[in-house]
Every structure is written in structure tokens, then in C-alpha cells.
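Engineer: The following file, upload-v4.tsv, comprises TSV, C-alpha atoms:
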```tsv
chain	number	residue	atom	x	y	z
A	1	MET	CA	0.00	0.00	0.00
A	2	ALA	CA	1.29	3.46	-0.85
A	3	GLN	CA	3.52	5.04	1.74
A	4	SER	CA	1.67	8.36	1.93
A	5	PHE	CA	-1.19	6.61	3.72
A	6	GLY	CA	0.95	4.41	5.96
A	7	GLN	CA	0.15	6.58	8.97
A	8	THR	CA	-3.63	6.52	8.46
A	9	GLU	CA	-4.30	2.88	7.48
A	10	ILE	CA	-3.62	-0.34	9.41
A	11	ASN	CA	-3.25	-3.47	7.32
A	12	TRP	CA	-4.68	-6.90	8.14
A	13	ASP	CA	-1.30	-8.47	9.01
A	14	LYS	CA	-0.77	-5.82	11.73
A	15	LEU	CA	-3.93	-6.81	13.68
A	16	ASP	CA	-4.42	-9.05	16.71
A	17	LYS	CA	-7.26	-11.14	15.18
A	18	THR	CA	-8.70	-12.52	18.45
A	19	ARG	CA	-8.98	-9.07	20.00
A	20	PHE	CA	-10.31	-7.73	16.68
A	21	TYR	CA	-13.26	-10.17	16.59
A	22	VAL	CA	-14.14	-9.96	20.31
A	23	VAL	CA	-13.96	-6.17	20.65
A	24	GLY	CA	-15.56	-5.74	17.22
A	25	ALA	CA	-18.62	-7.80	18.21
A	26	GLY	CA	-19.30	-5.41	21.09
A	27	LEU	CA	-18.64	-2.21	19.16
A	28	PHE	CA	-20.76	-3.13	16.13
A	29	THR	CA	-23.62	-4.31	18.36
A	30	GLY	CA	-23.68	-0.82	19.88
A	31	VAL	CA	-23.81	0.80	16.43
A	32	SER	CA	-26.65	-1.56	15.41
A	33	VAL	CA	-28.69	-0.62	18.50
A	34	ALA	CA	-28.47	3.05	17.55
A	35	LEU	CA	-29.39	2.65	13.87
A	36	TYR	CA	-31.75	-0.35	13.79
A	37	PRO	CA	-35.02	1.69	14.03
A	38	ILE	CA	-34.19	3.35	10.69
A	39	SER	CA	-34.14	-0.10	9.03
A	40	VAL	CA	-37.56	-0.92	10.48
A	41	VAL	CA	-39.07	2.32	9.13
A	42	LYS	CA	-37.41	1.85	5.71
A	43	THR	CA	-38.69	-1.73	5.43
A	44	ARG	CA	-42.26	-0.74	6.29
A	45	LEU	CA	-42.22	2.03	3.71
A	46	GLN	CA	-40.97	-0.35	1.04
A	47	VAL	CA	-43.71	-2.95	1.61
A	48	ALA	CA	-46.61	-0.51	2.11
A	49	THR	CA	-49.53	-1.07	-0.27
A	50	LYS	CA	-51.06	1.71	-2.35
A	51	ASP	CA	-53.92	2.07	0.15
A	52	ALA	CA	-51.74	2.15	3.28
A	53	VAL	CA	-52.36	5.16	5.53
A	54	GLU	CA	-48.72	5.39	6.65
A	55	ARG	CA	-46.80	6.49	3.56
A	56	ASN	CA	-44.01	8.67	4.95
A	57	VAL	CA	-41.30	8.42	7.59
A	58	LEU	CA	-43.09	10.39	10.31
A	59	SER	CA	-46.42	8.58	9.93
A	60	VAL	CA	-44.72	5.16	10.01
A	61	MET	CA	-42.78	6.08	13.18
A	62	LYS	CA	-45.90	7.49	14.83
A	63	GLY	CA	-47.84	4.34	13.93
A	64	ILE	CA	-45.18	2.03	15.39
A	65	LEU	CA	-44.83	4.05	18.60
A	66	LYS	CA	-48.61	4.25	19.00
A	67	THR	CA	-49.22	0.50	18.64
A	68	ASP	CA	-46.01	-1.03	20.07
A	69	GLY	CA	-44.06	1.74	21.75
A	70	VAL	CA	-40.25	1.86	21.49
A	71	PRO	CA	-39.96	-1.99	21.34
A	72	GLY	CA	-41.80	-1.80	18.00
A	73	LEU	CA	-38.78	-0.02	16.52
A	74	TYR	CA	-36.64	-3.04	17.46
A	75	ARG	CA	-38.74	-5.84	16.00
A	76	GLY	CA	-36.44	-8.59	14.75
A	77	PHE	CA	-33.39	-7.06	16.45
A	78	GLY	CA	-32.49	-10.23	18.38
A	79	THR	CA	-32.47	-12.24	15.16
A	80	VAL	CA	-30.27	-9.67	13.42
A	81	ILE	CA	-27.70	-9.54	16.23
A	82	THR	CA	-27.52	-13.34	16.46
A	83	GLY	CA	-26.73	-13.65	12.76
A	84	ALA	CA	-24.69	-10.47	12.44
A	85	ILE	CA	-21.70	-11.71	14.45
A	86	PRO	CA	-20.75	-14.68	12.19
A	87	ALA	CA	-21.71	-12.67	9.09
A	88	ARG	CA	-19.40	-9.79	10.09
A	89	ILE	CA	-16.53	-12.16	10.83
A	90	ILE	CA	-16.90	-13.58	7.31
A	91	PHE	CA	-17.31	-10.12	5.77
A	92	LEU	CA	-14.40	-8.37	7.50
A	93	SER	CA	-11.97	-11.26	7.13
A	94	THR	CA	-12.73	-11.56	3.40
A	95	LEU	CA	-12.66	-7.76	2.97
A	96	GLU	CA	-9.21	-7.28	4.46
A	97	THR	CA	-7.52	-10.32	2.91
A	98	THR	CA	-8.98	-9.56	-0.54
A	99	LYS	CA	-8.00	-5.90	-0.29
A	100	VAL	CA	-4.36	-6.79	0.44
A	101	ALA	CA	-4.31	-9.31	-2.45
A	102	ALA	CA	-5.94	-6.79	-4.84
A	103	PHE	CA	-3.39	-4.07	-4.02
A	104	ARG	CA	-0.57	-6.52	-4.74
A	105	MET	CA	-2.10	-7.59	-8.06
A	106	LEU	CA	-2.50	-3.95	-9.16
A	107	GLU	CA	1.10	-2.90	-8.37
A	108	PRO	CA	2.55	-3.86	-11.80
A	109	PHE	CA	-0.01	-1.64	-13.60
A	110	LYS	CA	1.44	1.58	-12.10
A	111	LEU	CA	-2.02	3.13	-11.59
A	112	SER	CA	-2.56	6.32	-9.62
A	113	GLU	CA	-3.01	5.84	-5.90
A	114	THR	CA	-6.67	6.94	-6.06
A	115	THR	CA	-7.51	4.55	-8.91
A	116	GLN	CA	-5.66	1.71	-7.20
A	117	ALA	CA	-7.58	2.33	-3.96
A	118	ALA	CA	-10.94	2.47	-5.77
A	119	ILE	CA	-10.37	-0.81	-7.64
A	120	ALA	CA	-8.84	-2.73	-4.70
A	121	ASN	CA	-11.50	-1.56	-2.23
A	122	GLY	CA	-14.30	-2.16	-4.75
A	123	VAL	CA	-13.18	-5.73	-5.51
A	124	ALA	CA	-12.75	-6.44	-1.79
A	125	GLY	CA	-16.18	-4.98	-0.96
A	126	MET	CA	-17.95	-7.02	-3.65
A	127	THR	CA	-16.16	-10.29	-2.79
A	128	SER	CA	-16.77	-10.00	0.96
A	129	SER	CA	-20.45	-9.18	0.38
A	130	ILE	CA	-20.97	-12.28	-1.81
A	131	PHE	CA	-19.46	-14.52	0.89
A	132	ALA	CA	-21.43	-12.87	3.72
A	133	GLN	CA	-24.81	-13.19	1.95
A	134	SER	CA	-24.92	-16.91	2.83
A	135	VAL	CA	-25.55	-15.82	6.44
A	136	PHE	CA	-27.14	-12.40	5.88
A	137	VAL	CA	-30.01	-13.50	3.62
A	138	PRO	CA	-31.78	-15.92	6.02
A	139	ILE	CA	-31.37	-13.33	8.79
A	140	ASP	CA	-32.80	-10.67	6.46
A	141	VAL	CA	-35.82	-12.83	5.57
A	142	VAL	CA	-36.66	-13.57	9.22
A	143	SER	CA	-35.99	-10.06	10.58
A	144	GLN	CA	-37.95	-8.31	7.80
A	145	LYS	CA	-40.99	-10.53	8.38
A	146	LEU	CA	-40.82	-9.54	12.05
A	147	MET	CA	-40.44	-5.85	11.14
A	148	VAL	CA	-43.64	-5.79	9.07
A	149	GLN	CA	-45.78	-8.30	10.98
A	150	GLY	CA	-49.35	-7.08	11.36
A	151	TYR	CA	-48.61	-4.15	9.04
A	152	SER	CA	-50.47	-3.72	5.75
A	153	GLY	CA	-51.95	-7.24	5.93
A	154	HIS	CA	-48.75	-9.15	6.86
A	155	ALA	CA	-48.88	-12.18	9.18
A	156	GLN	CA	-48.18	-12.13	12.92
A	157	TYR	CA	-45.36	-14.16	14.54
A	158	SER	CA	-44.28	-14.94	18.09
A	159	GLY	CA	-40.58	-14.49	17.35
A	160	GLY	CA	-37.68	-15.30	15.05
A	161	LEU	CA	-37.88	-19.07	15.60
A	162	ASP	CA	-41.60	-19.01	14.78
A	163	VAL	CA	-40.85	-17.20	11.48
A	164	ALA	CA	-38.10	-19.68	10.56
A	165	ARG	CA	-40.33	-22.67	11.44
A	166	LYS	CA	-43.23	-21.41	9.32
A	167	VAL	CA	-40.99	-20.49	6.37
A	168	LEU	CA	-39.32	-23.93	6.44
A	169	ARG	CA	-42.70	-25.67	6.69
A	170	SER	CA	-44.17	-23.82	3.71
A	171	ASP	CA	-41.15	-23.31	1.43
A	172	GLY	CA	-38.32	-25.45	2.80
A	173	ILE	CA	-34.76	-24.12	3.01
A	174	ARG	CA	-35.34	-22.20	-0.23
A	175	GLY	CA	-37.80	-19.99	1.66
A	176	LEU	CA	-35.00	-18.72	3.92
A	177	TYR	CA	-33.00	-17.84	0.82
A	178	ARG	CA	-35.81	-16.07	-0.98
A	179	GLY	CA	-34.32	-13.12	-2.80
A	180	PHE	CA	-30.77	-14.54	-2.45
A	181	GLY	CA	-29.89	-13.82	-6.09
A	182	LEU	CA	-31.34	-10.33	-5.84
A	183	SER	CA	-29.53	-9.78	-2.53
A	184	VAL	CA	-26.23	-10.66	-4.19
A	185	ILE	CA	-27.10	-8.37	-7.13
A	186	THR	CA	-28.14	-5.59	-4.69
A	187	TYR	CA	-25.59	-5.79	-1.90
A	188	SER	CA	-22.50	-6.87	-3.83
A	189	PRO	CA	-22.53	-3.82	-6.15
A	190	ALA	CA	-23.60	-1.66	-3.18
A	191	SER	CA	-20.64	-2.94	-1.18
A	192	ALA	CA	-18.33	-2.50	-4.17
A	193	VAL	CA	-19.54	1.10	-4.71
A	194	TRP	CA	-19.34	1.83	-0.97
A	195	TRP	CA	-15.78	0.61	-0.46
A	196	ALA	CA	-14.55	1.97	-3.80
A	197	SER	CA	-16.05	5.40	-2.97
A	198	TYR	CA	-14.61	5.27	0.55
A	199	GLY	CA	-11.12	4.31	-0.58
A	200	SER	CA	-10.89	6.83	-3.43
A	201	SER	CA	-12.65	9.73	-1.65
A	202	GLN	CA	-10.17	9.49	1.23
A	203	ARG	CA	-7.31	9.95	-1.23
A	204	TYR	CA	-9.00	12.96	-2.82
A	205	ILE	CA	-9.64	14.52	0.59
A	206	TRP	CA	-6.06	13.93	1.77
A	207	ARG	CA	-4.76	15.44	-1.47
A	208	PHE	CA	-7.04	18.47	-0.97
A	209	LEU	CA	-5.61	18.83	2.56
A	210	GLY	CA	-2.07	18.80	1.18
A	211	HIS	CA	-1.05	15.21	1.96
A	212	ASP	CA	-0.41	14.28	-1.65
A	213	THR	CA	3.29	13.58	-1.83
A	214	LYS	CA	4.26	9.93	-1.95
A	215	TYR	CA	6.84	10.24	0.80
A	216	ASP	CA	5.04	12.75	3.01
A	217	GLU	CA	6.51	12.20	6.49
A	218	HIS	CA	4.02	14.48	8.27
A	219	ILE	CA	1.69	12.48	10.52
A	220	PRO	CA	-1.88	13.89	10.52
A	221	SER	CA	-3.58	14.40	13.90
A	222	MET	CA	-6.06	11.77	15.07
A	223	GLN	CA	-8.90	14.30	14.80
A	224	LYS	CA	-7.99	15.00	11.17
A	225	ILE	CA	-7.77	11.28	10.37
A	226	MET	CA	-11.22	10.66	11.91
A	227	LEU	CA	-12.74	13.64	10.07
A	228	VAL	CA	-11.42	12.38	6.72
A	229	GLN	CA	-12.69	8.86	7.46
A	230	ALA	CA	-16.12	10.22	8.46
A	231	LEU	CA	-16.39	12.31	5.27
A	232	GLY	CA	-15.36	9.26	3.25
A	233	GLY	CA	-18.12	7.25	4.95
A	234	ILE	CA	-20.77	9.88	4.16
A	235	ILE	CA	-19.72	10.08	0.48
A	236	ALA	CA	-19.65	6.28	0.21
A	237	GLY	CA	-23.08	5.84	1.82
A	238	ALA	CA	-24.67	8.53	-0.35
A	239	SER	CA	-23.20	7.06	-3.56
A	240	SER	CA	-24.24	3.52	-2.73
A	241	SER	CA	-27.82	4.32	-1.65
A	242	CYS	CA	-28.53	6.37	-4.80
A	243	ILE	CA	-27.46	3.51	-7.06
A	244	THR	CA	-28.97	0.50	-5.28
A	245	THR	CA	-32.28	1.61	-3.66
A	246	PRO	CA	-34.54	0.33	-6.52
A	247	LEU	CA	-33.11	-3.20	-6.25
A	248	ASP	CA	-33.35	-3.09	-2.46
A	249	THR	CA	-37.06	-2.16	-2.66
A	250	ILE	CA	-37.83	-5.11	-4.96
A	251	LYS	CA	-35.75	-7.49	-2.81
A	252	THR	CA	-37.50	-6.41	0.41
A	253	ARG	CA	-40.94	-6.92	-1.12
A	254	LEU	CA	-40.03	-10.39	-2.35
A	255	GLN	CA	-38.64	-11.44	1.03
A	256	VAL	CA	-41.65	-10.41	3.13
A	257	MET	CA	-44.29	-12.03	0.88
A	258	GLY	CA	-46.20	-14.94	2.35
A	259	HIS	CA	-46.33	-18.42	0.83
A	260	GLU	CA	-49.70	-17.70	-0.76
A	261	ASN	CA	-48.48	-14.49	-2.43
A	262	LYS	CA	-45.43	-15.74	-4.33
A	263	SER	CA	-44.33	-13.38	-7.05
A	264	SER	CA	-41.46	-12.79	-9.46
A	265	ILE	CA	-39.01	-9.89	-9.72
A	266	LYS	CA	-40.78	-8.78	-12.90
A	267	GLN	CA	-44.21	-8.81	-11.23
A	268	VAL	CA	-42.98	-6.87	-8.18
A	269	ALA	CA	-41.42	-4.27	-10.47
A	270	LYS	CA	-44.72	-4.03	-12.42
A	271	ASP	CA	-46.72	-3.58	-9.21
A	272	LEU	CA	-44.41	-0.78	-8.05
A	273	MET	CA	-44.74	0.96	-11.42
A	274	ASN	CA	-48.54	0.66	-11.33
A	275	GLU	CA	-48.76	1.99	-7.78
A	276	ASP	CA	-46.32	4.91	-7.88
A	277	GLY	CA	-44.52	5.01	-11.21
A	278	TRP	CA	-40.72	5.30	-11.04
A	279	LYS	CA	-41.01	6.89	-7.59
A	280	GLY	CA	-42.17	3.49	-6.31
A	281	PHE	CA	-38.68	2.06	-6.77
A	282	TYR	CA	-37.33	4.73	-4.44
A	283	ARG	CA	-39.76	4.05	-1.60
A	284	GLY	CA	-37.91	4.38	1.67
A	285	PHE	CA	-35.10	6.24	-0.10
A	286	GLY	CA	-34.92	8.94	2.61
A	287	PRO	CA	-34.44	6.47	5.49
A	288	ARG	CA	-32.13	4.29	3.37
A	289	PHE	CA	-30.05	7.30	2.31
A	290	PHE	CA	-29.79	8.44	5.91
A	291	SER	CA	-29.27	4.88	7.17
A	292	MET	CA	-26.46	4.10	4.70
A	293	SER	CA	-24.77	7.45	5.27
A	294	ALA	CA	-25.17	7.28	9.07
A	295	TRP	CA	-24.36	3.58	9.19
A	296	GLY	CA	-21.43	4.07	6.83
A	297	THR	CA	-19.96	6.91	8.89
A	298	SER	CA	-20.57	5.16	12.24
A	299	MET	CA	-19.38	1.81	10.91
A	300	ILE	CA	-16.18	3.12	9.36
A	301	LEU	CA	-15.24	5.23	12.40
A	302	THR	CA	-15.94	2.21	14.62
A	303	TYR	CA	-14.05	-0.07	12.24
A	304	GLU	CA	-11.00	2.17	11.93
A	305	TYR	CA	-11.01	2.73	15.73
A	306	LEU	CA	-11.25	-1.04	16.21
A	307	LYS	CA	-8.21	-1.56	13.96
A	308	ARG	CA	-6.22	0.99	15.96
A	309	VAL	CA	-7.20	-0.66	19.25
A	310	CYS	CA	-6.34	-4.13	17.94
A	311	ALA	CA	-3.07	-3.26	16.20
A	312	LYS	CA	-0.18	-5.44	17.34
A	313	ASP	CA	2.52	-3.76	19.39
A	314	GLU	CA	5.59	-3.18	17.24
```
Can I see the file as C-alpha cells?
Structural biologist:
Amino acid sequence: MAQSFGQTEINWDKLDKTRFYVVGAGLFTGVSVALYPISVVKTRLQVATKDAVERNVLSVMKGILKTDGVPGLYRGFGTVITGAIPARIIFLSTLETTKVAAFRMLEPFKLSETTQAAIANGVAGMTSSIFAQSVFVPIDVVSQKLMVQGYSGHAQYSGGLDVARKVLRSDGIRGLYRGFGLSVITYSPASAVWWASYGSSQRYIWRFLGHDTKYDEHIPSMQKIMLVQALGGIIAGASSSCITTPLDTIKTRLQVMGHENKSSIKQVAKDLMNEDGWKGFYRGFGPRFFSMSAWGTSMILTYEYLKRVCAKDE
């Protein structure tokens, strides 16, 4: 990796892996607690029928708080946390190892540092997302059914195990992987765009701040490093949400459908067009935009802090 960023980035081989996974599980759980309600609101907006009364962020939040109180904003949270730990281990391990390999493969091409970072981070983001979907998709299916239960005609459940039992009984293991292909198509490019945007935007920002010489020996302050990482996270989240929201809306609708309402990607897309035109594909865009930007910024600051905490002593 280029020397001008040696003081701001910590590579995979410099980390204490055991500490990284244990501390990371706690830190990312805290971030999930803070941002989970946004996912619930976004999911409800995406599955709302044309006749639903709650059609905007405020009305959905008011409806949830009125019927279920604050716990309603955390429907399916237990299921998500249970599955998120192994999924994140797979994701982060694949991300870091692939990123290192990609940087090495790109060295002979003598690309600019920004281009190299965009390609290496993008490839790493896409690869890690594909691997992690094997765990994420069943968790997504179960948690989203819990998020929308009783809303706009959706079934009621007693918990995550009840959802899994009923899905397996009606559709078998395939039911837990409903929307898997679309998830890969949605999240893999989203992850690629996110990490590519994050890696390249950091380089642009550092260059703008005057850290653009290859052998710059000046070490930026920790506050400056965190500010640049936060700005990179916001840019990455905004870029990714703009590109992938339509696919995410279709995927969410497919995953929350009951056994009796099976549909295809084409039919879901037609229904959205009939109900709202092109705007239908961007249902929940506000919460998703905010969620991906907020999650991206929180996640990357947490992640980079985690790497600093878990760096091996030289």
C-alpha cells in the first residue's frame, strides 16, 4: 500500500485477530442498537400497499410508537444480532484479505493511488459481500418478516424461531434464501460502490488537505484522520444508496411475501410501477439514504477505531 497513507491505514497483518473479533462484536452491536429503528421504518415504507395510511417516515414512526411503543422499533433485532456476528466475521476477514491481495495484483499496472484504492476496495467490498450473503439473507428474511408483521396485511409471529419454522414448513430451506440472487445483485454492487467510494474519496480529501506527496513524512492528527474517514463514509453511503435503492425495494418486497403471495421480480417491479410510477422504486429512499450514510460513517469510524485498538505492538 502506498507510503503516503501508511500513517492513516492499518493493514490486516498488523492486527491481533482474536482481539479484533471480540472487541468488534461489542462495538458493532452498539452501532446496530443506535441505527436499527431506521431499518424498520425503511422496510415498512418499502412494503406498504397503495392504500396504506402510513406512507411517509413520520407517519410510520408514529404508527409504530402508538401500537407497540419503542420496542416496535426493534422488531427482529435479536435475530439480526444473532446472525450479524458470524456474518461480520466472514465479511471483515474476506474484505481485508482480498484488499491486500488486490493491491498486490495492481502494483505492476502503475495506476494512480486513487484509482488503485478504488479498484482494490471495490473488488474487496464485492467479494466480501458475496461470501457474507450466505448468512445475511436468512437473517434478512426472518428479521424483515418480524419488522412488518401485522402491518399492511402481513402475518403475525411470536418471534424469530416461529418465522423460521413457518418459512421452512411452507417453502423449505429455499424460503430462507428467498431473494438470495437479488440480494447478491443488490448488496454486492452496493458494497463494491461503498468501499470503492470510501477508498478513493479518502485519497481525494487527503490530497485536498495537502497530503499528496508519496513520501510525506508528516503524521496527521487523530482528529484529522477521523474527520477524513467520516467524510469518506458519508460520500460512500450517499453514492451507494442512490445507485442500489430500486433493487433493495424489490428485494424487500419479495422477502416479506407470504407463501400464498409468491411473485417474481418482474411482477414486483410491475406492481411498483402501477402503484407509484418510477417513484415506487425509491420508496424508503430517505431512510435508506440516511441509514447508509449514518451507518457508513458510524461503521467506518468504529471499524478504523477497532483496527487501531487491535493493532499489534511493534
Engineer: So, with only C-alpha atoms as the atoms that count, which of A:Gly280, A:Gly172, A:Gly125, A:Pro37 lies closest to Ser240 of chain A?
Structural biologist: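 Checking each of A:Gly280, A:Gly172, A:Gly125, A:Pro37 against Ser240 of chain A, counting only C-alpha atoms, the winner is A:Gly125.
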Engineer: Report, in Å to a single decimal, how far apart atom CA of Ala190 of chain A and atom CA of Ile139 of chain A are.
Structural biologist: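 Atom-to-atom, atom CA of Ile139 of chain A and atom CA of Ala190 of chain A are spaced 18.4 Å apart.
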Engineer: Residues at most 12 Å from Ile90 of chain A, counting all atoms listed in the file, excluding those fewer than 6 positions away in the same chain, as an NGL selection string?
Structural biologist: :A and (21 or 83-84 or 96-98 or 125 or 127-136)
Engineer: Since we have the selection now, will you write its residues out, keeping C-alpha atoms, as an mmCIF file, in the coordinates of the input?
Structural biologist:
```
data_model
loop_
_atom_site.group_PDB
_atom_site.id
_atom_site.type_symbol
_atom_site.label_atom_id
_atom_site.label_comp_id
_atom_site.auth_asym_id
_atom_site.auth_seq_id
_atom_site.Cartn_x
_atom_site.Cartn_y
_atom_site.Cartn_z
ATOM 1 C CA TYR A 21 -13.260 -10.170 16.590
ATOM 2 C CA GLY A 83 -26.730 -13.650 12.760
ATOM 3 C CA ALA A 84 -24.690 -10.470 12.440
ATOM 4 C CA GLU A 96 -9.210 -7.280 4.460
ATOM 5 C CA THR A 97 -7.520 -10.320 2.910
ATOM 6 C CA THR A 98 -8.980 -9.560 -0.540
ATOM 7 C CA GLY A 125 -16.180 -4.980 -0.960
ATOM 8 C CA THR A 127 -16.160 -10.290 -2.790
ATOM 9 C CA SER A 128 -16.770 -10.000 0.960
ATOM 10 C CA SER A 129 -20.450 -9.180 0.380
ATOM 11 C CA ILE A 130 -20.970 -12.280 -1.810
ATOM 12 C CA PHE A 131 -19.460 -14.520 0.890
ATOM 13 C CA ALA A 132 -21.430 -12.870 3.720
ATOM 14 C CA GLN A 133 -24.810 -13.190 1.950
ATOM 15 C CA SER A 134 -24.920 -16.910 2.830
ATOM 16 C CA VAL A 135 -25.550 -15.820 6.440
ATOM 17 C CA PHE A 136 -27.140 -12.400 5.880
#
```
Engineer: Counting all atoms listed in the file, which residues of segment 193-311 of chain A sit at most 10 Å from some atom of segment 9-16 of chain A, and what is each one's closest atom pair with its distance in Å to one decimal, listed by chain and rising residue number, as JSON lines?
Structural biologist:
```
{"residue": "A:Ile225", "atom": "CA", "partner": "A:Glu9", "partner_atom": "CA", "distance": 9.5}
{"residue": "A:Glu304", "atom": "CA", "partner": "A:Glu9", "partner_atom": "CA", "distance": 8.1}
{"residue": "A:Leu306", "atom": "CA", "partner": "A:Leu15", "partner_atom": "CA", "distance": 9.7}
{"residue": "A:Lys307", "atom": "CA", "partner": "A:Ile10", "partner_atom": "CA", "distance": 6.6}
{"residue": "A:Arg308", "atom": "CA", "partner": "A:Ile10", "partner_atom": "CA", "distance": 7.2}
{"residue": "A:Val309", "atom": "CA", "partner": "A:Leu15", "partner_atom": "CA", "distance": 8.9}
{"residue": "A:Cys310", "atom": "CA", "partner": "A:Asp16", "partner_atom": "CA", "distance": 5.4}
{"residue": "A:Ala311", "atom": "CA", "partner": "A:Leu15", "partner_atom": "CA", "distance": 4.4}
```
Engineer: For a quick check of understanding, using all atoms listed in the file, which of A:Arg178, A:Arg203, A:Lys224, A:Arg165 has the smallest distance to Ile250 of chain A?
Structural biologist: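 With all atoms listed in the file as the atom set, the closest residue is A:Arg178.
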Engineer: Excluding same-chain residues fewer than 5 positions from Thr43 of chain A, what lies within 10 Å of it counting only C-alpha atoms, as a list in words?
Structural biologist: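 Selected residues are Pro37, Ile38, Ala48, Gln144, Lys145, Met147, Val148, Asp248, Thr249, Thr252, Arg253, Val256, Arg283, Gly284, Pro287 and Arg288 of chain A.
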Engineer: Which residues are close to segment 105-119 of chain A, i.e. within 8 Å by only C-alpha atoms, leaving aside same-chain residues fewer than 6 positions away? Reply as a PyMOL selection string.
Structural biologist: chain A and resi 2+195-201+203-204
Engineer: Would you mind listing what lies within 8 Å of segment 266-272 of chain A as a PyMOL selection string, with only C-alpha atoms counted and same-chain residues fewer than 2 positions away left out?
Structural biologist: chain A and resi 250+253-254+263-264+274-278+280-281
Engineer: Rounded to one decimal in Å, what is the spacing between atom CA of Lys66 of chain A and atom CA of Ser39 of chain A?
Structural biologist: 18.1 Å
Engineer: Would you please work out which residue, of A:Gln223, A:Gln255, A:Gln229, A:Thr245, is nearest to Phe285 of chain A when using all atoms listed in the file?
Structural biologist: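 Of A:Gln223, A:Gln255, A:Gln229, A:Thr245, the one nearest Phe285 of chain A, counting all atoms listed in the file, is A:Thr245.
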Engineer: Nearest to Leu65 of chain A: which of A:Leu161, A:Val41, A:Thr49, A:Phe77 is it, counting all atoms listed in the file?
Structural biologist: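 Among the listed residues, the smallest separation from Leu65 of chain A belongs to A:Val41.
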Engineer: Give me, please, the distance in Å between atom CA of Gly69 of chain A and atom CA of Ser158 of chain A, quoted to one decimal.
Structural biologist: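 These two atoms are separated by 17.1 Å.
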Engineer: Step by step: start from the point (-46.7, -13.2, 4.2) in the file's coordinates, keep every protein, DNA or RNA residue that has an atom no farther than 6 Å from it, count only C-alpha atoms, and write the set as a PyMOL selection string.
Structural biologist: chain A and resi 154-155+256-258
Engineer: What box, with edges along x, y and z, holds each listed atom of segment 117-128 of chain A when 8 Å is added on every side, and can you state its centre and edge lengths in Å to one decimal, as AutoDock Vina command-line options?
Structural biologist:
```
--center_x -12.8 --center_y -3.9 --center_z -3.3 --size_x 26.4 --size_y 28.8 --size_z 24.6
```
Engineer: Excluding same-chain residues fewer than 6 positions from Met226 of chain A, what lies within 12 Å of it counting only C-alpha atoms, as a PyMOL selection string?
Structural biologist: chain A and resi 8-9+202+206+220+232-233+297-298+300-305+308
